[in-house]
file model-v3.txt (compact mmCIF, C-alpha atoms)
# COMPACT_ATOMS: atom_id res chain seq x y z
CA MET A 1 5.72 41.24 48.19
CA GLU A 2 4.45 39.60 45.03
CA THR A 3 7.38 41.01 43.04
CA GLU A 4 9.84 39.53 45.55
CA LYS A 5 8.25 36.11 45.16
CA GLN A 6 8.46 36.35 41.38
CA ASN A 7 12.15 37.32 41.55
CA THR A 8 12.84 34.47 43.97
CA ALA A 9 10.99 32.01 41.78
CA SER A 10 12.75 33.14 38.63
CA SER A 11 16.25 33.20 40.13
CA PRO A 12 16.88 29.43 39.69
CA MET A 13 15.83 29.76 36.05
CA LYS A 14 18.16 32.72 35.61
CA ARG A 15 20.99 30.79 37.22
CA ALA A 16 20.35 27.83 34.93
CA TYR A 17 20.27 30.16 31.95
CA ALA A 18 23.56 31.78 32.99
CA ALA A 19 25.18 28.36 33.51
CA PHE A 20 24.07 27.25 30.05
CA ALA A 21 25.34 30.46 28.46
CA GLU A 22 28.73 29.88 30.07
CA LYS A 23 29.18 26.16 29.33
CA TYR A 24 27.20 25.54 26.14
CA GLU A 25 30.20 25.88 23.82
CA GLN A 26 32.22 23.24 25.65
CA GLY A 27 29.28 20.83 25.61
CA ILE A 28 28.75 21.36 21.88
CA TRP A 29 32.43 20.73 21.24
CA TYR A 30 32.25 17.36 23.03
CA LEU A 31 29.13 16.43 21.06
CA LEU A 32 30.74 17.26 17.71
CA LEU A 33 33.91 15.48 18.79
CA LEU A 34 31.77 12.36 19.28
CA TRP A 35 30.55 12.75 15.70
CA CYS A 36 34.16 12.86 14.49
CA LEU A 37 35.01 9.74 16.49
CA LEU A 38 32.03 7.79 15.19
CA PRO A 39 33.99 5.88 12.48
CA ILE A 40 36.55 4.79 15.11
CA ILE A 41 33.73 3.65 17.39
CA MET A 42 32.39 1.58 14.50
CA CYS A 43 35.85 0.09 13.88
CA ALA A 44 35.98 -0.99 17.51
CA ASN A 45 32.45 -2.41 17.24
CA PHE A 46 33.39 -4.49 14.21
CA ALA A 47 36.63 -5.72 15.80
CA VAL A 48 34.86 -6.80 18.98
CA SER A 49 32.11 -8.48 16.96
CA ALA A 50 34.66 -10.45 14.96
CA ALA A 51 36.81 -11.34 17.99
CA THR A 52 33.87 -12.54 20.10
CA GLY A 53 32.29 -14.59 17.36
CA ARG A 54 29.22 -12.41 16.90
CA PHE A 55 29.76 -12.61 13.17
CA PRO A 56 28.85 -16.03 11.72
CA SER A 57 31.74 -18.23 10.66
CA PRO A 58 32.40 -18.84 6.93
CA GLU A 59 31.27 -22.46 7.39
CA GLU A 60 27.93 -21.38 8.90
CA LEU A 61 27.41 -18.89 6.11
CA ALA A 62 28.21 -21.48 3.44
CA ARG A 63 25.55 -23.81 4.85
CA GLU A 64 22.97 -21.01 4.62
CA GLY A 65 24.08 -19.94 1.15
CA PHE A 66 25.48 -16.57 2.22
CA THR A 67 28.91 -14.99 1.94
CA LEU A 68 30.92 -13.15 4.58
CA GLY A 69 30.40 -9.89 2.70
CA ASN A 70 26.60 -10.20 2.77
CA VAL A 71 26.42 -10.54 6.54
CA ASN A 72 29.03 -7.94 7.48
CA TYR A 73 27.55 -5.54 4.94
CA ASP A 74 24.17 -5.80 6.66
CA GLU A 75 25.88 -5.36 10.02
CA ALA A 76 27.54 -2.17 8.76
CA LEU A 77 24.21 -0.75 7.69
CA ALA A 78 22.31 -1.65 10.86
CA SER A 79 24.82 -0.66 13.55
CA TYR A 80 26.04 2.54 11.87
CA GLN A 81 22.50 3.71 11.18
CA LEU A 82 21.47 3.05 14.78
CA LEU A 83 24.32 5.17 16.15
CA PHE A 84 23.61 7.85 13.53
CA PHE A 85 20.00 8.22 14.65
CA ILE A 86 20.83 8.11 18.38
CA LEU A 87 23.57 10.71 18.12
CA GLY A 88 21.45 12.67 15.65
CA GLY A 89 18.53 12.77 18.09
CA ILE A 90 20.79 14.17 20.81
CA THR A 91 22.17 16.77 18.40
CA VAL A 92 18.67 17.87 17.36
CA CYS A 93 17.73 18.37 21.03
CA VAL A 94 20.86 20.47 21.64
CA ALA A 95 20.18 22.57 18.52
CA LEU A 96 16.60 23.18 19.67
CA ALA A 97 17.89 24.28 23.09
CA LEU A 98 20.25 26.72 21.36
CA LEU A 99 17.38 28.11 19.30
CA VAL A 100 15.27 28.64 22.42
CA PHE A 101 18.03 30.37 24.35
CA ALA A 102 19.00 32.57 21.37
CA ARG A 103 15.45 33.24 20.11
CA ARG A 104 15.78 37.04 20.45
CA ARG A 105 18.83 37.07 18.20
CA VAL A 106 17.31 34.56 15.76
CA PHE A 107 14.04 36.47 15.31
CA SER A 108 15.59 39.84 14.54
CA LEU A 109 15.89 41.72 11.27
CA LYS A 110 19.49 42.56 12.09
CA ALA A 111 20.46 38.86 12.12
CA LEU A 112 18.49 38.22 8.94
CA ARG A 113 20.39 40.94 7.10
CA ALA A 114 23.77 39.93 8.53
CA GLN A 115 23.51 36.14 8.12
CA PRO A 116 20.82 35.30 5.55
CA TRP A 117 22.20 31.81 4.86
CA PHE A 118 20.78 30.50 8.15
CA TYR A 119 17.28 31.55 7.12
CA LEU A 120 17.67 30.24 3.57
CA PHE A 121 18.73 26.84 4.91
CA GLY A 122 15.75 27.05 7.25
CA LEU A 123 13.46 27.69 4.28
CA PHE A 124 15.00 24.71 2.51
CA LEU A 125 14.20 22.54 5.51
CA LEU A 126 10.63 23.84 5.74
CA TRP A 127 10.12 23.33 2.02
CA SER A 128 11.43 19.76 2.39
CA CYS A 129 8.68 19.21 4.98
CA VAL A 130 6.07 20.37 2.46
CA CYS A 131 7.56 18.09 -0.22
CA THR A 132 7.51 15.16 2.22
CA ALA A 133 3.83 15.78 2.97
CA LYS A 134 3.07 15.67 -0.77
CA ALA A 135 5.30 12.65 -1.54
CA ASP A 136 3.85 9.40 -2.88
CA TYR A 137 5.82 7.34 -0.38
CA LYS A 138 5.69 9.38 2.79
CA TYR A 139 7.43 6.75 4.95
CA PHE A 140 10.49 6.67 2.69
CA SER A 141 10.53 10.44 2.43
CA LEU A 142 10.41 10.72 6.21
CA VAL A 143 13.04 8.17 7.29
CA GLY A 144 14.83 7.47 4.01
CA GLY A 145 15.55 4.17 2.31
CA SER A 146 17.40 1.40 4.12
CA TYR A 147 20.64 2.17 2.25
CA MET A 148 21.07 5.95 1.95
CA ARG A 149 18.89 7.09 4.89
CA ASP A 150 18.56 10.49 3.26
CA GLY A 151 15.00 11.24 4.36
CA LEU A 152 13.56 14.25 6.12
CA VAL A 153 14.70 13.01 9.55
CA SER A 154 18.28 13.01 8.28
CA TYR A 155 17.79 16.53 6.94
CA PHE A 156 16.91 17.67 10.45
CA ILE A 157 19.99 15.90 11.83
CA TYR A 158 22.24 17.56 9.25
CA GLY A 159 20.70 20.92 10.10
CA ALA A 160 21.27 20.32 13.82
CA VAL A 161 24.94 19.47 13.23
CA PHE A 162 25.25 22.67 11.17
CA LEU A 163 23.66 24.82 13.90
CA CYS A 164 25.78 23.30 16.67
CA ALA A 165 29.00 23.76 14.67
CA SER A 166 28.04 27.36 13.90
CA ALA A 167 27.93 28.10 17.65
CA LEU A 168 31.63 27.25 18.16
CA ARG A 169 33.36 30.61 18.54
CA ARG A 170 36.70 29.50 20.01
CA GLU A 171 39.34 28.83 17.37
CA ASP A 172 41.10 26.16 19.45
CA TYR A 173 37.86 24.16 19.58
CA ARG A 174 37.55 24.34 15.81
CA ARG A 175 41.21 23.39 15.31
CA LYS A 176 40.98 20.33 17.58
CA LEU A 177 37.77 19.24 15.89
CA MET A 178 39.27 19.41 12.40
CA LEU A 179 42.49 17.72 13.47
CA CYS A 180 40.49 14.95 15.12
CA PHE A 181 38.45 14.40 11.96
CA THR A 182 41.60 14.31 9.81
CA GLY A 183 43.33 11.91 12.19
CA VAL A 184 40.34 9.56 12.30
CA VAL A 185 40.11 9.42 8.50
CA ALA A 186 43.88 8.85 8.26
CA PHE A 187 43.50 5.89 10.65
CA ILE A 188 40.64 4.48 8.54
CA ALA A 189 42.79 4.99 5.43
CA LEU A 190 45.64 3.05 7.05
CA ILE A 191 43.32 0.11 7.73
CA MET A 192 42.17 0.21 4.09
CA LEU A 193 45.74 0.26 2.76
CA VAL A 194 46.86 -2.60 5.01
CA GLN A 195 43.81 -4.61 4.01
CA GLU A 196 44.49 -3.96 0.33
CA ALA A 197 48.20 -4.82 0.56
CA THR A 198 47.86 -7.94 2.70
CA ASP A 199 45.54 -10.89 3.13
CA ILE A 200 44.98 -10.69 6.87
CA TYR A 201 41.94 -12.83 7.58
CA PHE A 202 40.88 -10.87 10.67
CA LEU A 203 40.71 -7.59 8.73
CA ASN A 204 38.74 -9.22 5.93
CA TYR A 205 36.46 -10.76 8.55
CA CYS A 206 35.88 -7.36 10.21
CA PHE A 207 35.63 -5.20 7.10
CA SER A 208 34.37 -7.28 4.21
CA SER A 209 33.48 -4.44 1.81
CA ALA A 210 36.44 -3.72 -0.46
CA ARG A 211 38.19 -0.36 0.16
CA ALA A 212 35.36 0.81 2.41
CA VAL A 213 36.32 -0.34 5.97
CA VAL A 214 33.25 0.65 8.08
CA PHE A 215 31.46 2.55 5.33
CA ASN A 216 28.74 1.13 3.11
CA GLN A 217 30.72 1.42 -0.07
CA PHE A 218 34.20 2.49 -1.19
CA ASN A 219 32.92 5.79 -2.67
CA HIS A 220 31.67 6.87 0.75
CA LEU A 221 35.13 6.44 2.23
CA GLY A 222 36.42 8.34 -0.81
CA TYR A 223 34.37 11.39 0.17
CA MET A 224 35.81 11.24 3.69
CA LEU A 225 39.33 11.05 2.20
CA CYS A 226 38.47 14.02 -0.02
CA MET A 227 37.49 16.22 2.94
CA SER A 228 40.41 15.15 5.12
CA SER A 229 42.90 15.71 2.25
CA ALA A 230 41.58 19.24 1.73
CA ALA A 231 41.73 19.91 5.48
CA CYS A 232 45.29 18.63 5.72
CA PHE A 233 46.37 20.79 2.78
CA GLY A 234 44.69 23.77 4.42
CA PHE A 235 46.60 23.19 7.65
CA PHE A 236 49.81 23.01 5.66
CA LEU A 237 49.04 26.31 3.91
CA TYR A 238 47.73 28.40 6.78
CA GLU A 239 49.32 27.10 9.97
CA SER A 240 52.44 29.03 10.88
CA GLY A 241 55.15 28.27 13.39
CA ASP A 242 56.95 24.93 13.69
CA LYS A 243 58.27 23.85 10.27
CA ARG A 244 58.28 20.23 11.39
CA LEU A 245 54.54 20.51 11.98
CA LYS A 246 54.03 21.91 8.50
CA LEU A 247 56.01 19.01 7.05
CA LEU A 248 53.79 16.64 9.02
CA TYR A 249 50.69 18.23 7.47
CA LEU A 250 52.24 17.96 4.01
CA ALA A 251 53.13 14.30 4.60
CA GLY A 252 49.58 13.70 5.84
CA PHE A 253 48.21 15.29 2.68
CA PHE A 254 50.35 13.03 0.46
CA PHE A 255 49.34 9.96 2.47
CA LEU A 256 45.62 10.78 2.19
CA VAL A 257 45.89 11.49 -1.55
CA TYR A 258 47.69 8.16 -2.01
CA ALA A 259 44.91 6.44 -0.09
CA LEU A 260 42.39 8.21 -2.31
CA VAL A 261 44.16 6.90 -5.41
CA VAL A 262 44.02 3.36 -4.02
CA ASN A 263 40.39 3.92 -3.05
CA ASP A 264 39.74 4.92 -6.69
CA THR A 265 36.81 7.33 -6.17
CA PHE A 266 37.13 9.55 -9.21
CA GLY A 267 34.77 12.32 -8.06
CA ALA A 268 36.63 12.70 -4.76
CA LEU A 269 40.03 12.80 -6.46
CA LEU A 270 38.76 15.36 -8.95
CA ALA A 271 37.48 17.44 -6.02
CA VAL A 272 40.92 17.47 -4.36
CA ILE A 273 42.52 18.57 -7.63
CA THR A 274 39.97 21.38 -7.93
CA ALA A 275 40.32 22.40 -4.28
CA ILE A 276 44.08 23.07 -4.53
CA PRO A 277 43.88 26.13 -6.85
CA VAL A 278 40.82 27.37 -4.94
CA ALA A 279 42.75 27.08 -1.67
CA LEU A 280 45.61 28.99 -3.31
CA LEU A 281 43.17 31.69 -4.43
CA PHE A 282 41.77 31.98 -0.89
CA TYR A 283 45.31 32.08 0.48
CA TRP A 284 46.36 34.88 -1.88
CA ARG A 285 43.12 36.81 -1.34
CA SER A 286 43.58 36.66 2.44
CA GLY A 287 46.82 38.64 2.10
CA ARG A 288 49.28 35.84 2.92
CA LYS A 289 52.51 35.16 1.06
CA VAL A 290 52.36 32.09 -1.15
CA ASN A 291 54.98 29.37 -0.73
CA TRP A 292 55.26 28.52 -4.40
CA ARG A 293 57.77 25.68 -4.00
CA ALA A 294 55.65 23.79 -1.52
CA LEU A 295 52.51 24.48 -3.50
CA GLY A 296 54.12 23.31 -6.74
CA LEU A 297 55.22 20.09 -5.04
CA ALA A 298 51.69 19.44 -3.77
CA VAL A 299 50.18 20.07 -7.21
CA LEU A 300 52.79 17.80 -8.80
CA ILE A 301 51.92 14.98 -6.41
CA VAL A 302 48.20 15.24 -7.10
CA VAL A 303 48.69 15.44 -10.87
CA ALA A 304 50.88 12.34 -10.63
CA ALA A 305 48.09 10.63 -8.72
CA VAL A 306 45.65 11.44 -11.53
CA LEU A 307 48.05 10.05 -14.14
CA ILE A 308 48.34 6.87 -12.09
CA VAL A 309 44.56 6.52 -12.09
CA PHE A 310 44.48 6.95 -15.87
CA ALA A 311 47.34 4.46 -16.29
CA VAL A 312 45.64 1.83 -14.14
CA THR A 313 42.01 2.29 -15.20
CA GLY A 314 42.51 3.61 -18.73
CA THR A 315 40.06 6.16 -20.06
CA ASN A 316 37.02 4.06 -19.16
CA GLY A 317 37.31 4.87 -15.46
CA PRO A 318 37.10 8.69 -15.61
CA LEU A 319 34.98 8.70 -18.76
CA GLY A 320 32.63 6.23 -17.14
CA ASN A 321 31.91 8.74 -14.38
CA PHE A 322 31.04 11.47 -16.88
CA ILE A 323 28.91 9.04 -18.88
CA GLN A 324 27.09 8.04 -15.70
CA LEU A 325 26.53 11.72 -14.88
CA LYS A 326 25.15 12.33 -18.38
CA ASN A 327 22.76 9.38 -18.11
CA ASP A 328 21.62 10.47 -14.66
CA LEU A 329 21.10 14.00 -15.94
CA VAL A 330 18.91 12.84 -18.84
CA GLU A 331 16.81 10.49 -16.71
CA THR A 332 16.51 12.81 -13.71
CA VAL A 333 15.47 15.77 -15.85
CA GLU A 334 12.52 13.67 -17.02
CA TRP A 335 11.45 13.11 -13.42
CA ILE A 336 11.96 16.80 -12.58
CA ARG A 337 9.70 17.77 -15.49
CA TRP A 338 6.94 15.73 -13.89
CA ARG A 339 7.09 17.64 -10.60
CA PRO A 340 9.21 20.79 -10.94
CA ILE A 341 7.76 22.54 -7.86
CA PHE A 342 7.31 19.99 -5.07
CA GLY A 343 9.47 17.17 -6.41
CA PHE A 344 9.00 13.61 -5.19
CA GLY A 345 10.03 14.28 -1.58
CA PRO A 346 13.33 13.21 0.06
CA GLU A 347 14.29 9.71 -1.17
CA GLY A 348 11.21 9.97 -3.39
CA LEU A 349 12.79 8.22 -6.38
CA VAL A 350 12.54 4.78 -4.76
CA ARG A 351 10.37 1.97 -6.09
CA ARG A 352 8.56 2.85 -9.33
CA HIS A 353 10.25 6.27 -9.52
CA ALA A 354 13.78 4.82 -9.33
CA LEU A 355 16.33 5.42 -12.05
CA SER A 356 16.96 2.43 -14.30
CA ASP A 357 20.06 1.03 -12.59
CA ASN A 358 20.47 3.36 -9.63
CA ARG A 359 18.07 4.38 -6.90
CA LEU A 360 19.43 7.91 -6.90
CA PRO A 361 21.18 10.20 -9.39
CA HIS A 362 24.93 10.38 -8.82
CA ASN A 363 24.73 14.14 -8.34
CA THR A 364 23.61 15.89 -5.16
CA TYR A 365 22.23 18.94 -6.97
CA LEU A 366 20.14 16.86 -9.37
CA GLN A 367 18.93 14.87 -6.40
CA ILE A 368 17.89 17.95 -4.44
CA THR A 369 15.93 19.19 -7.46
CA ALA A 370 14.22 15.83 -7.93
CA PHE A 371 13.39 15.60 -4.22
CA THR A 372 12.34 19.18 -3.46
CA GLY A 373 11.78 20.80 -6.84
CA PHE A 374 13.33 24.00 -8.12
CA PRO A 375 12.30 25.99 -4.99
CA GLY A 376 14.32 23.59 -2.83
CA LEU A 377 17.36 23.90 -5.10
CA PHE A 378 16.98 27.69 -5.06
CA PHE A 379 16.97 27.86 -1.24
CA TYR A 380 19.91 25.45 -0.98
CA LEU A 381 22.15 27.16 -3.56
CA SER A 382 21.17 30.65 -2.41
CA ALA A 383 22.32 29.83 1.12
CA LEU A 384 25.67 28.54 -0.12
CA ILE A 385 26.19 31.47 -2.51
CA THR A 386 25.34 34.18 0.04
CA LEU A 387 27.73 32.59 2.54
CA ALA A 388 30.50 32.33 -0.08
CA VAL A 389 30.07 35.93 -1.28
CA HIS A 390 30.05 37.27 2.28
CA HIS A 391 33.28 35.47 3.14
CA TRP A 392 34.96 36.43 -0.12
CA ARG A 393 34.36 40.07 0.72
CA LYS A 394 35.51 39.67 4.33
CA ILE A 395 38.27 37.14 3.67
CA LYS A 396 41.06 39.21 5.24
CA SER A 397 39.15 39.18 8.54
CA LEU A 398 38.60 35.41 8.61
CA ASP A 399 40.24 33.17 11.19
CA THR A 400 42.61 30.50 9.94
CA MET A 401 40.21 27.70 10.89
CA VAL A 402 37.39 29.34 8.93
CA LEU A 403 39.57 29.42 5.82
CA ILE A 404 40.56 25.77 6.24
CA ALA A 405 36.96 24.71 6.82
CA SER A 406 35.91 26.67 3.72
CA GLY A 407 38.33 24.73 1.51
CA THR A 408 37.21 21.44 3.06
CA ALA A 409 33.52 22.15 2.49
CA PHE A 410 34.24 23.32 -1.07
CA ALA A 411 36.09 20.08 -1.90
CA TYR A 412 33.13 18.03 -0.73
CA MET A 413 30.68 20.13 -2.78
CA VAL A 414 32.76 19.45 -5.89
CA SER A 415 32.89 15.72 -5.14
CA GLN A 416 29.11 15.65 -4.92
CA THR A 417 28.90 16.41 -8.62
CA PHE A 418 29.51 12.65 -8.93
CA GLY A 419 27.98 11.55 -5.64
CA ALA A 420 24.91 11.60 -3.43
CA PRO A 421 24.47 12.38 0.29
CA ILE A 422 24.54 9.44 2.68
CA TYR A 423 24.04 9.34 6.44
CA ASN A 424 27.61 8.30 7.36
CA VAL A 425 29.35 11.08 5.38
CA GLU A 426 26.97 14.02 4.98
CA PRO A 427 27.08 15.16 8.66
CA TYR A 428 30.74 16.10 8.31
CA PHE A 429 30.05 18.43 5.40
CA TRP A 430 27.46 20.24 7.51
CA LEU A 431 29.87 20.32 10.43
CA PHE A 432 32.52 22.06 8.32
CA LEU A 433 29.91 24.34 6.78
CA GLY A 434 28.85 25.34 10.29
CA LEU A 435 32.44 26.21 11.17
CA VAL A 436 32.52 28.50 8.11
CA THR A 437 29.62 30.70 9.28
CA LEU A 438 31.74 32.76 11.71
CA MET A 439 34.51 35.17 10.72
CA ASN A 440 36.59 35.17 13.90
CA GLU A 441 36.46 34.65 17.66
CA GLN A 442 35.24 38.19 18.26
CA GLU A 443 32.06 37.73 16.21
CA LYS A 444 29.03 36.49 18.12
CA PRO A 445 27.43 33.35 16.68
CA LEU A 446 23.77 33.57 15.72
CA LEU A 447 22.94 30.89 18.29
CA CYS A 448 24.75 32.60 21.11
CA PRO A 449 22.68 32.70 24.35
CA GLU A 450 22.37 36.24 25.60
CA THR A 451 23.34 36.95 29.20
CA PRO A 452 20.09 37.14 31.20
CA GLU A 453 19.12 40.45 32.67
CA ALA A 454 19.59 40.82 36.39
call {"tool": "encode", "arguments": {"input": "model-v3.txt", "output": "C-alpha cells"}}
result
Amino acid sequence: METEKQNTASSPMKRAYAAFAEKYEQGIWYLLLLWCLLPIIMCANFAVSAATGRFPSPEELAREGFTLGNVNYDEALASYQLLFFILGGITVCVALALLVFARRRVFSLKALRAQPWFYLFGLFLLWSCVCTAKADYKYFSLVGGSYMRDGLVSYFIYGAVFLCASALRREDYRRKLMLCFTGVVAFIALIMLVQEATDIYFLNYCFSSARAVVFNQFNHLGYMLCMSSAACFGFFLYESGDKRLKLLYLAGFFFLVYALVVNDTFGALLAVITAIPVALLFYWRSGRKVNWRALGLAVLIVVAAVLIVFAVTGTNGPLGNFIQLKNDLVETVEWIRWRPIFGFGPEGLVRRHALSDNRLPHNTYLQITAFTGFPGLFFYLSALITLAVHHWRKIKSLDTMVLIASGTAFAYMVSQTFGAPIYNVEPYFWLFLGLVTLMNEQEKPLLCPETPEA
C-alpha cells in the first residue's frame, strides 16, 4: 500500500521530468535565439528613445554642458547592461536546471574522460571564485566595473551560455542560430555604413558613438564583425546544394569584411585573415574537396582589405596595435609577478592597480593571468586545447555546423590577442564554443536529461 502511494506521488514528478527531457532543447534554442537578437532589440530601444524624445535635445544638453555623445553613451551602457544581466540570470537558471537533470551523466568518470573540457572550464570558474574572495576590491571582482562588466557574475553568465549551447544536438537548431547571429551583425553593419556615408541626423541621434552603433566602442562591434565574417565564410565553404545560396554567403562575407575595414579594428581584421587558412586546413582535413578558385578570390579580397587599411592609416595603425600589446605585456607582467597564483580577481586591475592609460590589458590571455593567476590561465587554456585536439582527431566525424562554429570561435580567440572580453560581445564566443562541444546529432550532449525509469 505504501509503495503504491509513493509511486502515485512520484508520477507527477516523473511526468514533469519526461516533459522537460522532451522539450528542453527547443526551449534552449529560443533562449539562445534571444541572445542573438539582443543587438537588434537594443537598436529598436534606441530608435524608440530618439523618436519619443526620451533622449535630451542638443539644446538641452548644451545648456547643461554635455554633448549628445555623452548622454547616448551612458544610455548604451545602462540599458544594454540591464538586459545582459536579466537575460543572463534566466540563462544561469536554465543551465542549473540542466545540471540537475543530467547530474548522473555529469558526475561520472566516463564523462570526465570523454569530455574533460567541461570540467576544466568548471575548475576555471571555481578558481575565479577563490580569486574573487581574495581580491582587494571584492565588489568590482564580483560585478565588474561599470564599463566592461567582466566580473565573476559575468563569468557565470558566460558559463551558462556555454552549457546551454552545448546541449543543442539538432543541427538545424545550430544552423538557424548561426544564421540569425550573422544576419543580425550584417544589419548592424549596414547601419554603421549608412551612418558613416551619410549625415542623417536621426541615426547620429540614436547611435552617437562612431562606428559602434549600439556597442560601447567601435572595437566591440569589430569583434562581432570578426565572428560573423568567419561564420559566413564557413557557410560558403561547407554548405552544399544551391549555388545561388553559396554566392549569397560569399557576398555576405565580402560585405562583412568591407564593414570591418570601415570599422578599422585591426585585431579583428587580423583574426579574419588568420581564420581563412585555418578554415581551409579544417576543410581539407575533414576530407572535402577544396574549391581553390573561390578560396583564392576570398583570400584576395581580404588581402586587398588589409592593403587598404595600410594605405589609409599608414604603418602607425597596425604598428600602434603591436606597440600597445608590447606595453600592456610589460606592465601586466609586473602585476602578475606580484600575485602569480591568485591574481587580483576578475576586474581586479581597477583603481590603484590599473594600467597607466588603460584599465585592462588589451589581451584576453594576459588579463586572465592577471585576474586569476597562472592556475586560472592553465585551466582556461587546457580546456580549449583538449577540445581542439579532440576535434582535430575526430574531424571527419564532425557535423558541418560544428566545423563552422569552430572557425568562428577560433577567429574570435585570435582577435582577443588585441582585445579584452566585454559583456556585450563575450557571450557569443561562449555560444559558439558550446556548439563546438558536440561531434554530430547522434552524440549525446553532456547535459542531456536521461529518460526517467518507469
call {"tool": "closest_residue", "arguments": {"input": "model-v3.txt", "among": "A:Ala189, A:Ile341, A:Cys448, A:Val94", "to": "Tyr258 of chain A", "atoms": "only C-alpha atoms"}}
result
A:Ala189
call {"tool": "axis_aligned_box", "arguments": {"input": "model-v3.txt", "around": "segment 249-261 of chain A", "padding_each_side": "6 Å", "output": "AutoDock Vina command-line options"}}
result
--center_x 47.8 --center_y 12.3 --center_z 1.0 --size_x 22.7 --size_y 23.8 --size_z 24.9
call {"tool": "closest_residue", "arguments": {"input": "model-v3.txt", "among": "A:Val272, A:Asp242, A:Pro449, A:Ile385", "to": "Arg105 of chain A", "atoms": "all atoms listed in the file"}}
result
A:Pro449
call {"tool": "residues_around", "arguments": {"input": "model-v3.txt", "residues": "Val262 of chain A", "least_positions_apart": "6", "cutoff": "9 Å", "atoms": "only C-alpha atoms", "output": "count of residues only"}}
result
5
call {"tool": "residues_around", "arguments": {"input": "model-v3.txt", "residues": "Arg337 of chain A", "least_positions_apart": "4", "cutoff": "10 Å", "atoms": "only C-alpha atoms", "output": "PyMOL selection string"}}
result
chain A and resi 332-333+341+343+370+373
call {"tool": "atom_distance", "arguments": {"input": "model-v3.txt", "atom1": "atom CA of Asn440 of chain A", "atom2": "atom CA of Ile404 of chain A"}}
result
12.8 Å
call {"tool": "closest_residue", "arguments": {"input": "model-v3.txt", "among": "A:Tyr223, A:Tyr139, A:Phe181, A:Phe84", "to": "Leu270 of chain A", "atoms": "all atoms listed in the file"}}
result
A:Tyr223
call {"tool": "closest_residue", "arguments": {"input": "model-v3.txt", "among": "A:Cys43, A:Leu33, A:Met401, A:Ala409", "to": "Arg175 of chain A", "atoms": "only C-alpha atoms"}}
result
A:Met401
call {"tool": "build_atoms", "arguments": {"input": "model-v3.txt", "residues": "segment 24-35 of chain A", "atoms": "N, CA and C atoms", "output": "CSV table (one decimal), in the frame of the given file"}}
result
chain,number,residue,atom,x,y,z
A,24,TYR,N,27.8,26.2,27.3
A,24,TYR,CA,27.2,25.5,26.1
A,24,TYR,C,28.2,25.2,25.1
A,25,GLU,N,29.2,26.1,24.9
A,25,GLU,CA,30.2,25.9,23.8
A,25,GLU,C,31.1,24.6,24.1
A,26,GLN,N,31.4,24.4,25.3
A,26,GLN,CA,32.2,23.2,25.6
A,26,GLN,C,31.4,22.0,25.4
A,27,GLY,N,30.1,22.0,25.8
A,27,GLY,CA,29.3,20.8,25.6
A,27,GLY,C,29.1,20.5,24.1
A,28,ILE,N,28.9,21.6,23.3
A,28,ILE,CA,28.8,21.4,21.9
A,28,ILE,C,30.0,20.8,21.3
A,29,TRP,N,31.2,21.2,21.8
A,29,TRP,CA,32.4,20.7,21.2
A,29,TRP,C,32.6,19.2,21.5
A,30,TYR,N,32.2,18.8,22.7
A,30,TYR,CA,32.2,17.4,23.0
A,30,TYR,C,31.3,16.6,22.2
A,31,LEU,N,30.1,17.1,21.9
A,31,LEU,CA,29.1,16.4,21.1
A,31,LEU,C,29.7,16.3,19.6
A,32,LEU,N,30.2,17.3,19.1
A,32,LEU,CA,30.7,17.3,17.7
A,32,LEU,C,32.0,16.4,17.6
A,33,LEU,N,32.8,16.4,18.7
A,33,LEU,CA,33.9,15.5,18.8
A,33,LEU,C,33.5,14.0,18.7
A,34,LEU,N,32.3,13.7,19.3
A,34,LEU,CA,31.8,12.4,19.3
A,34,LEU,C,31.4,12.0,17.8
A,35,TRP,N,30.8,13.0,17.1
A,35,TRP,CA,30.6,12.8,15.7
A,35,TRP,C,31.8,12.4,14.9
